$ cat final.txt   # compact mmCIF, C-alpha atoms and all ligand atoms
# COMPACT_ATOMS: atom_id res chain seq x y z
CA MET A 1 -93.18 129.12 -26.11
CA LYS A 2 -93.91 127.57 -22.72
CA LYS A 3 -91.19 125.31 -21.34
CA PRO A 4 -92.34 121.70 -21.45
CA THR A 5 -92.14 119.80 -18.16
CA ILE A 6 -90.39 116.47 -18.54
CA GLY A 7 -90.56 113.95 -15.71
CA VAL A 8 -87.54 111.76 -15.02
CA LEU A 9 -88.47 108.54 -13.25
CA ALA A 10 -86.47 108.82 -10.04
CA LEU A 11 -86.66 105.36 -8.52
CA GLN A 12 -83.09 104.33 -9.34
CA GLY A 13 -80.32 105.18 -11.78
CA ALA A 14 -78.88 108.19 -13.62
CA VAL A 15 -81.60 110.72 -12.77
CA ARG A 16 -79.68 113.91 -11.98
CA GLU A 17 -77.72 113.84 -15.25
CA HIS A 18 -80.95 113.77 -17.26
CA LEU A 19 -82.37 116.65 -15.20
CA GLN A 20 -79.25 118.72 -15.87
CA MET A 21 -79.37 117.95 -19.59
CA LEU A 22 -83.06 118.94 -19.74
CA GLU A 23 -82.34 122.27 -18.05
CA ARG A 24 -79.61 122.94 -20.60
CA THR A 25 -81.94 122.26 -23.49
CA GLY A 26 -84.55 124.70 -22.18
CA ALA A 27 -87.04 122.23 -20.72
CA ARG A 28 -88.10 121.89 -17.10
CA GLY A 29 -87.03 118.55 -15.64
CA VAL A 30 -88.68 117.11 -12.55
CA ALA A 31 -87.66 114.01 -10.61
CA LEU A 32 -90.69 111.74 -10.24
CA ARG A 33 -91.13 109.68 -7.11
CA TYR A 34 -94.90 109.20 -7.08
CA PRO A 35 -97.22 108.21 -9.94
CA ALA A 36 -99.48 111.20 -9.26
CA GLU A 37 -96.61 113.48 -10.32
CA LEU A 38 -96.83 112.05 -13.86
CA HIS A 39 -99.84 114.24 -14.46
CA LEU A 40 -97.70 117.37 -14.09
CA CYS A 41 -95.57 116.29 -17.05
CA SER A 42 -95.93 116.35 -20.79
CA ALA A 43 -93.36 113.60 -21.28
CA LEU A 44 -91.28 111.06 -19.40
CA ILE A 45 -87.66 109.87 -19.33
CA ILE A 46 -86.83 106.43 -17.95
CA PRO A 47 -83.13 106.55 -17.02
CA GLY A 48 -80.41 103.92 -17.06
CA GLY A 49 -79.71 101.87 -13.99
CA GLU A 50 -80.63 98.27 -13.31
CA SER A 51 -83.75 97.26 -15.18
CA THR A 52 -84.75 94.41 -12.82
CA THR A 53 -84.61 96.85 -9.90
CA ILE A 54 -86.40 99.62 -11.80
CA GLY A 55 -89.12 97.14 -12.85
CA LYS A 56 -89.69 95.89 -9.32
CA LEU A 57 -89.77 99.43 -7.94
CA MET A 58 -92.16 100.53 -10.68
CA ILE A 59 -94.56 97.82 -9.57
CA ALA A 60 -94.06 98.51 -5.84
CA CYS A 61 -94.62 102.26 -6.29
CA GLY A 62 -97.57 101.90 -8.65
CA PHE A 63 -95.80 103.36 -11.70
CA LEU A 64 -95.99 100.41 -14.08
CA GLY A 65 -99.67 100.47 -14.97
CA GLU A 66 -99.91 104.25 -14.84
CA VAL A 67 -96.98 104.81 -17.22
CA ARG A 68 -98.30 102.13 -19.57
CA GLU A 69 -101.66 103.84 -19.75
CA LEU A 70 -100.29 107.36 -20.26
CA VAL A 71 -97.85 106.28 -22.98
CA ARG A 72 -100.60 104.34 -24.74
CA GLU A 73 -102.64 107.54 -24.64
CA GLY A 74 -99.76 109.35 -26.37
CA MET A 75 -97.39 110.66 -23.69
CA PRO A 76 -93.91 110.79 -25.27
CA VAL A 77 -91.29 108.70 -23.50
CA TYR A 78 -87.53 108.30 -23.82
CA GLY A 79 -85.77 105.30 -22.30
CA THR A 80 -81.98 105.15 -21.96
CA CYS A 81 -80.24 101.83 -21.44
CA ALA A 82 -82.23 100.16 -18.63
CA GLY A 83 -85.07 102.45 -19.77
CA LEU A 84 -84.82 100.87 -23.24
CA ILE A 85 -85.16 97.45 -21.62
CA MET A 86 -88.21 98.61 -19.63
CA LEU A 87 -89.94 99.84 -22.80
CA ALA A 88 -89.21 96.68 -24.81
CA SER A 89 -91.95 94.18 -25.51
CA ARG A 90 -89.56 91.22 -25.45
CA LEU A 91 -86.19 90.22 -24.02
CA VAL A 92 -83.87 87.64 -25.57
CA ASP A 93 -83.25 86.10 -22.13
CA GLY A 94 -84.94 86.12 -18.80
CA ASP A 95 -88.17 87.11 -17.34
CA GLN A 96 -88.63 90.40 -15.51
CA PRO A 97 -91.30 93.09 -15.32
CA LEU A 98 -91.40 95.26 -18.45
CA LEU A 99 -93.65 98.02 -19.70
CA GLY A 100 -93.80 96.13 -22.99
CA LEU A 101 -94.81 99.17 -25.04
CA MET A 102 -92.37 99.25 -27.93
CA ASP A 103 -92.18 96.59 -30.62
CA ILE A 104 -88.54 95.70 -30.02
CA THR A 105 -86.63 92.73 -28.62
CA ALA A 106 -83.79 93.77 -26.31
CA ARG A 107 -80.71 91.80 -25.36
CA ARG A 108 -79.49 92.79 -21.91
CA ASN A 109 -75.76 93.16 -21.22
CA ALA A 110 -75.28 92.47 -24.91
CA TYR A 111 -71.64 93.55 -25.08
CA GLY A 112 -70.53 91.01 -22.50
CA ARG A 113 -69.08 91.27 -19.06
CA GLN A 114 -65.46 91.83 -20.05
CA VAL A 115 -66.29 95.09 -21.78
CA ASP A 116 -68.37 96.75 -19.10
CA SER A 117 -68.33 100.13 -20.73
CA PHE A 118 -66.98 101.83 -23.82
CA GLU A 119 -67.49 104.86 -26.01
CA ALA A 120 -68.11 104.95 -29.74
CA ASP A 121 -68.79 107.56 -32.40
CA LEU A 122 -72.19 107.06 -34.02
CA ARG A 123 -74.10 108.56 -36.92
CA ILE A 124 -77.65 109.20 -35.79
CA GLU A 125 -80.49 110.03 -38.10
CA GLY A 126 -82.75 112.96 -37.25
CA ILE A 127 -80.48 114.83 -34.82
CA GLU A 128 -78.89 118.09 -35.93
CA ASP A 129 -76.00 117.29 -38.20
CA ASP A 130 -73.29 119.74 -37.25
CA GLY A 131 -70.64 117.52 -38.78
CA ARG A 132 -69.77 115.82 -35.50
CA PRO A 133 -70.60 112.18 -34.89
CA PHE A 134 -72.39 111.48 -31.60
CA ARG A 135 -69.99 110.21 -28.94
CA ALA A 136 -72.05 107.49 -27.27
CA VAL A 137 -71.30 106.11 -23.81
CA PHE A 138 -72.30 102.47 -23.35
CA ILE A 139 -72.42 101.02 -19.82
CA ARG A 140 -73.36 97.34 -19.52
CA ALA A 141 -75.59 98.22 -22.39
CA PRO A 142 -78.28 96.27 -24.18
CA TRP A 143 -78.70 96.26 -27.94
CA ILE A 144 -81.87 96.00 -29.94
CA GLU A 145 -81.97 92.50 -31.37
CA GLU A 146 -85.15 92.84 -33.45
CA VAL A 147 -87.57 95.58 -34.37
CA GLY A 148 -91.16 95.44 -35.55
CA PRO A 149 -92.36 97.12 -38.75
CA ALA A 150 -93.43 100.39 -37.06
CA VAL A 151 -90.02 100.95 -35.45
CA LYS A 152 -87.50 103.24 -37.11
CA VAL A 153 -83.85 102.53 -36.35
CA LEU A 154 -81.99 105.85 -36.01
CA GLY A 155 -78.51 104.53 -35.41
CA GLU A 156 -76.42 101.37 -35.25
CA TYR A 157 -73.17 100.30 -33.73
CA ARG A 158 -71.40 97.39 -35.44
CA GLY A 159 -74.54 96.30 -37.23
CA ARG A 160 -76.82 96.39 -34.17
CA ALA A 161 -79.57 98.94 -33.62
CA VAL A 162 -78.76 101.08 -30.58
CA ILE A 163 -81.22 103.97 -30.98
CA ALA A 164 -84.74 103.70 -32.33
CA ARG A 165 -88.12 105.35 -32.37
CA GLU A 166 -91.72 104.18 -32.63
CA ASP A 167 -94.32 106.98 -32.63
CA GLY A 168 -93.81 108.93 -29.40
CA MET A 169 -91.35 106.43 -27.96
CA LEU A 170 -87.58 106.87 -28.23
CA VAL A 171 -84.96 104.46 -26.86
CA SER A 172 -81.18 104.45 -26.80
CA ALA A 173 -78.86 101.72 -25.56
CA PHE A 174 -76.31 104.37 -24.56
CA HIS A 175 -76.28 107.36 -22.21
CA PRO A 176 -76.37 110.80 -23.87
CA GLU A 177 -76.99 112.40 -20.46
CA LEU A 178 -73.41 111.50 -19.48
CA THR A 179 -71.93 113.59 -22.29
CA ARG A 180 -72.10 117.28 -23.11
CA ASP A 181 -73.84 116.61 -26.42
CA ASP A 182 -77.51 117.52 -26.02
CA ARG A 183 -78.64 116.73 -29.57
CA ILE A 184 -80.60 113.61 -28.63
CA HIS A 185 -82.40 115.39 -25.78
CA ARG A 186 -83.24 118.19 -28.20
CA TYR A 187 -84.54 115.61 -30.69
CA PHE A 188 -86.77 114.23 -27.92
CA LEU A 189 -88.02 117.72 -27.07
CA ARG A 190 -89.03 118.17 -30.70
CA MET A 191 -91.01 114.93 -30.41
CA VAL A 192 -92.68 116.35 -27.29
CA GLU A 193 -93.54 119.61 -29.07
CA GLY A 194 -94.94 117.60 -31.98
CA ALA A 195 -97.16 115.61 -29.62
CA GLU A 196 -98.39 118.82 -27.95
CA GLY A 197 -99.28 120.31 -31.32
CA GLN A 198 -101.66 117.44 -32.09
N1 LIG B 1 -77.29 96.28 -17.60
C1 LIG B 1 -78.39 97.06 -17.11
C2 LIG B 1 -79.68 96.28 -17.17
O1 LIG B 1 -79.72 95.24 -17.71
C3 LIG B 1 -78.54 98.35 -17.88
C4 LIG B 1 -77.32 99.20 -17.68
C5 LIG B 1 -77.57 100.68 -17.76
O2 LIG B 1 -78.70 101.15 -17.69
N2 LIG B 1 -76.50 101.41 -17.84
O3 LIG B 1 -80.65 96.69 -16.67
$ encode --input "final.txt" --output "structure tokens"
Amino acid sequence: MKKPTIGVLALQGAVREHLQMLERTGARGVALRYPAELHLCSALIIPGGESTTIGKLMIACGFLGEVRELVREGMPVYGTCAGLIMLASRLVDGDQPLLGLMDITARRNAYGRQVDSFEADLRIEGIEDDGRPFRAVFIRAPWIEEVGPAVKVLGEYRGRAVIAREDGMLVSAFHPELTRDDRIHRYFLRMVEGAEGQ
């Protein structure tokens, strides 16, 4: 089967780690700097970073409207951490540019300032169950405060949704690209293959 080309939005944040993870899982990853490059890709990853900065840069570079349109037309997208915030329709606090595509409410920096980052073992539905939990890395992470009826929560940490899916959209509050566990990227690639088969 042909390798799918997955674009990683390369305006700010953890881009290289996603590209490396994609290569490991047998996809072709490309760093996207211009909206026109979106058309070379069958799916998109929005990395972690700083969501206010990513939002402003997405507007300045002309990505915001273009990504919105392509995802609405069915392009699969995976947002990690700040990428989750960008995909959310609502934030608990504050006002900043969002794609507003997924029916979730996100709480930014939900785990407080004292605990900037931590790791936790999660059970995640849908990924290959090889007996291992998924070791999730959270860095100034959001959580998903509320989900709409079409959203499926795939995993929780201490009672809060931290990974979820709605149609071709996947979000996680944590950073699988910073680990060696590629099961979530492989799950996303199966979503991409499913979308291509339609
Ligand atoms: N705290 C960041 C934000 O609100 C997200 C952090 C991350 O992506 N690791 O945008």
$ residues_near_ligand --input "final.txt" --ligand "ligand LIG 1 (chain B)" --cutoff "12 Å" --atoms "all atoms listed in the file" --output "short mmCIF file (atom, residue, chain, number, x, y, z; two decimals) with C-alpha atoms, in the coordinates of the input"
data_model
loop_
_atom_site.label_atom_id
_atom_site.label_comp_id
_atom_site.auth_asym_id
_atom_site.auth_seq_id
_atom_site.Cartn_x
_atom_site.Cartn_y
_atom_site.Cartn_z
CA GLN A 12 -83.09 104.33 -9.34
CA GLY A 13 -80.32 105.18 -11.78
CA ALA A 14 -78.88 108.19 -13.62
CA VAL A 15 -81.60 110.72 -12.77
CA ILE A 46 -86.83 106.43 -17.95
CA PRO A 47 -83.13 106.55 -17.02
CA GLY A 48 -80.41 103.92 -17.06
CA GLY A 49 -79.71 101.87 -13.99
CA GLU A 50 -80.63 98.27 -13.31
CA SER A 51 -83.75 97.26 -15.18
CA THR A 52 -84.75 94.41 -12.82
CA THR A 53 -84.61 96.85 -9.90
CA ILE A 54 -86.40 99.62 -11.80
CA GLY A 55 -89.12 97.14 -12.85
CA LYS A 56 -89.69 95.89 -9.32
CA GLY A 79 -85.77 105.30 -22.30
CA THR A 80 -81.98 105.15 -21.96
CA CYS A 81 -80.24 101.83 -21.44
CA ALA A 82 -82.23 100.16 -18.63
CA GLY A 83 -85.07 102.45 -19.77
CA LEU A 84 -84.82 100.87 -23.24
CA ILE A 85 -85.16 97.45 -21.62
CA MET A 86 -88.21 98.61 -19.63
CA LEU A 87 -89.94 99.84 -22.80
CA ALA A 88 -89.21 96.68 -24.81
CA LEU A 91 -86.19 90.22 -24.02
CA VAL A 92 -83.87 87.64 -25.57
CA ASP A 93 -83.25 86.10 -22.13
CA GLY A 94 -84.94 86.12 -18.80
CA ASP A 95 -88.17 87.11 -17.34
CA GLN A 96 -88.63 90.40 -15.51
CA PRO A 97 -91.30 93.09 -15.32
CA LEU A 98 -91.40 95.26 -18.45
CA ALA A 106 -83.79 93.77 -26.31
CA ARG A 107 -80.71 91.80 -25.36
CA ARG A 108 -79.49 92.79 -21.91
CA ASN A 109 -75.76 93.16 -21.22
CA ALA A 110 -75.28 92.47 -24.91
CA TYR A 111 -71.64 93.55 -25.08
CA GLY A 112 -70.53 91.01 -22.50
CA ARG A 113 -69.08 91.27 -19.06
CA VAL A 115 -66.29 95.09 -21.78
CA ASP A 116 -68.37 96.75 -19.10
CA SER A 117 -68.33 100.13 -20.73
CA PHE A 118 -66.98 101.83 -23.82
CA VAL A 137 -71.30 106.11 -23.81
CA PHE A 138 -72.30 102.47 -23.35
CA ILE A 139 -72.42 101.02 -19.82
CA ARG A 140 -73.36 97.34 -19.52
CA ALA A 141 -75.59 98.22 -22.39
CA PRO A 142 -78.28 96.27 -24.18
CA TRP A 143 -78.70 96.26 -27.94
CA VAL A 171 -84.96 104.46 -26.86
CA SER A 172 -81.18 104.45 -26.80
CA ALA A 173 -78.86 101.72 -25.56
CA PHE A 174 -76.31 104.37 -24.56
CA HIS A 175 -76.28 107.36 -22.21
CA PRO A 176 -76.37 110.80 -23.87
CA GLU A 177 -76.99 112.40 -20.46
CA LEU A 178 -73.41 111.50 -19.48
#
$ residues_around --input "final.txt" --residues "Gly148 of chain A" --least-positions-apart "6" --cutoff "12 Å" --atoms "only C-alpha atoms" --output "JSON, numbers by chain"
{"A": [88, 89, 90, 101, 102, 103, 104, 105, 106, 164, 165, 166]}
$ atom_distance --input "final.txt" --atom1 "atom CA of Val30 of chain A" --atom2 "atom CA of Cys61 of chain A"
17.2 Å
$ atom_distance --input "final.txt" --atom1 "atom CA of Gly74 of chain A" --atom2 "atom CA of Arg16 of chain A"
25.1 Å
$ closest_residue --input "final.txt" --among "A:Thr25, A:Leu40, A:Lys152, A:Gly100" --to "Glu69 of chain A" --atoms "only C-alpha atoms"
A:Gly100
$ closest_residue --input "final.txt" --among "A:Met191, A:Met21, A:Leu64, A:Ile127" --to "Thr179 of chain A" --atoms "all atoms listed in the file"
A:Met21
$ closest_residue --input "final.txt" --among "A:Ala10, A:Leu22, A:Leu38, A:Gly155" --to "Arg68 of chain A" --atoms "all atoms listed in the file"
A:Leu38
$ atom_distance --input "final.txt" --atom1 "atom CA of Arg180 of chain A" --atom2 "atom CA of Gly126 of chain A"
18.2 Å
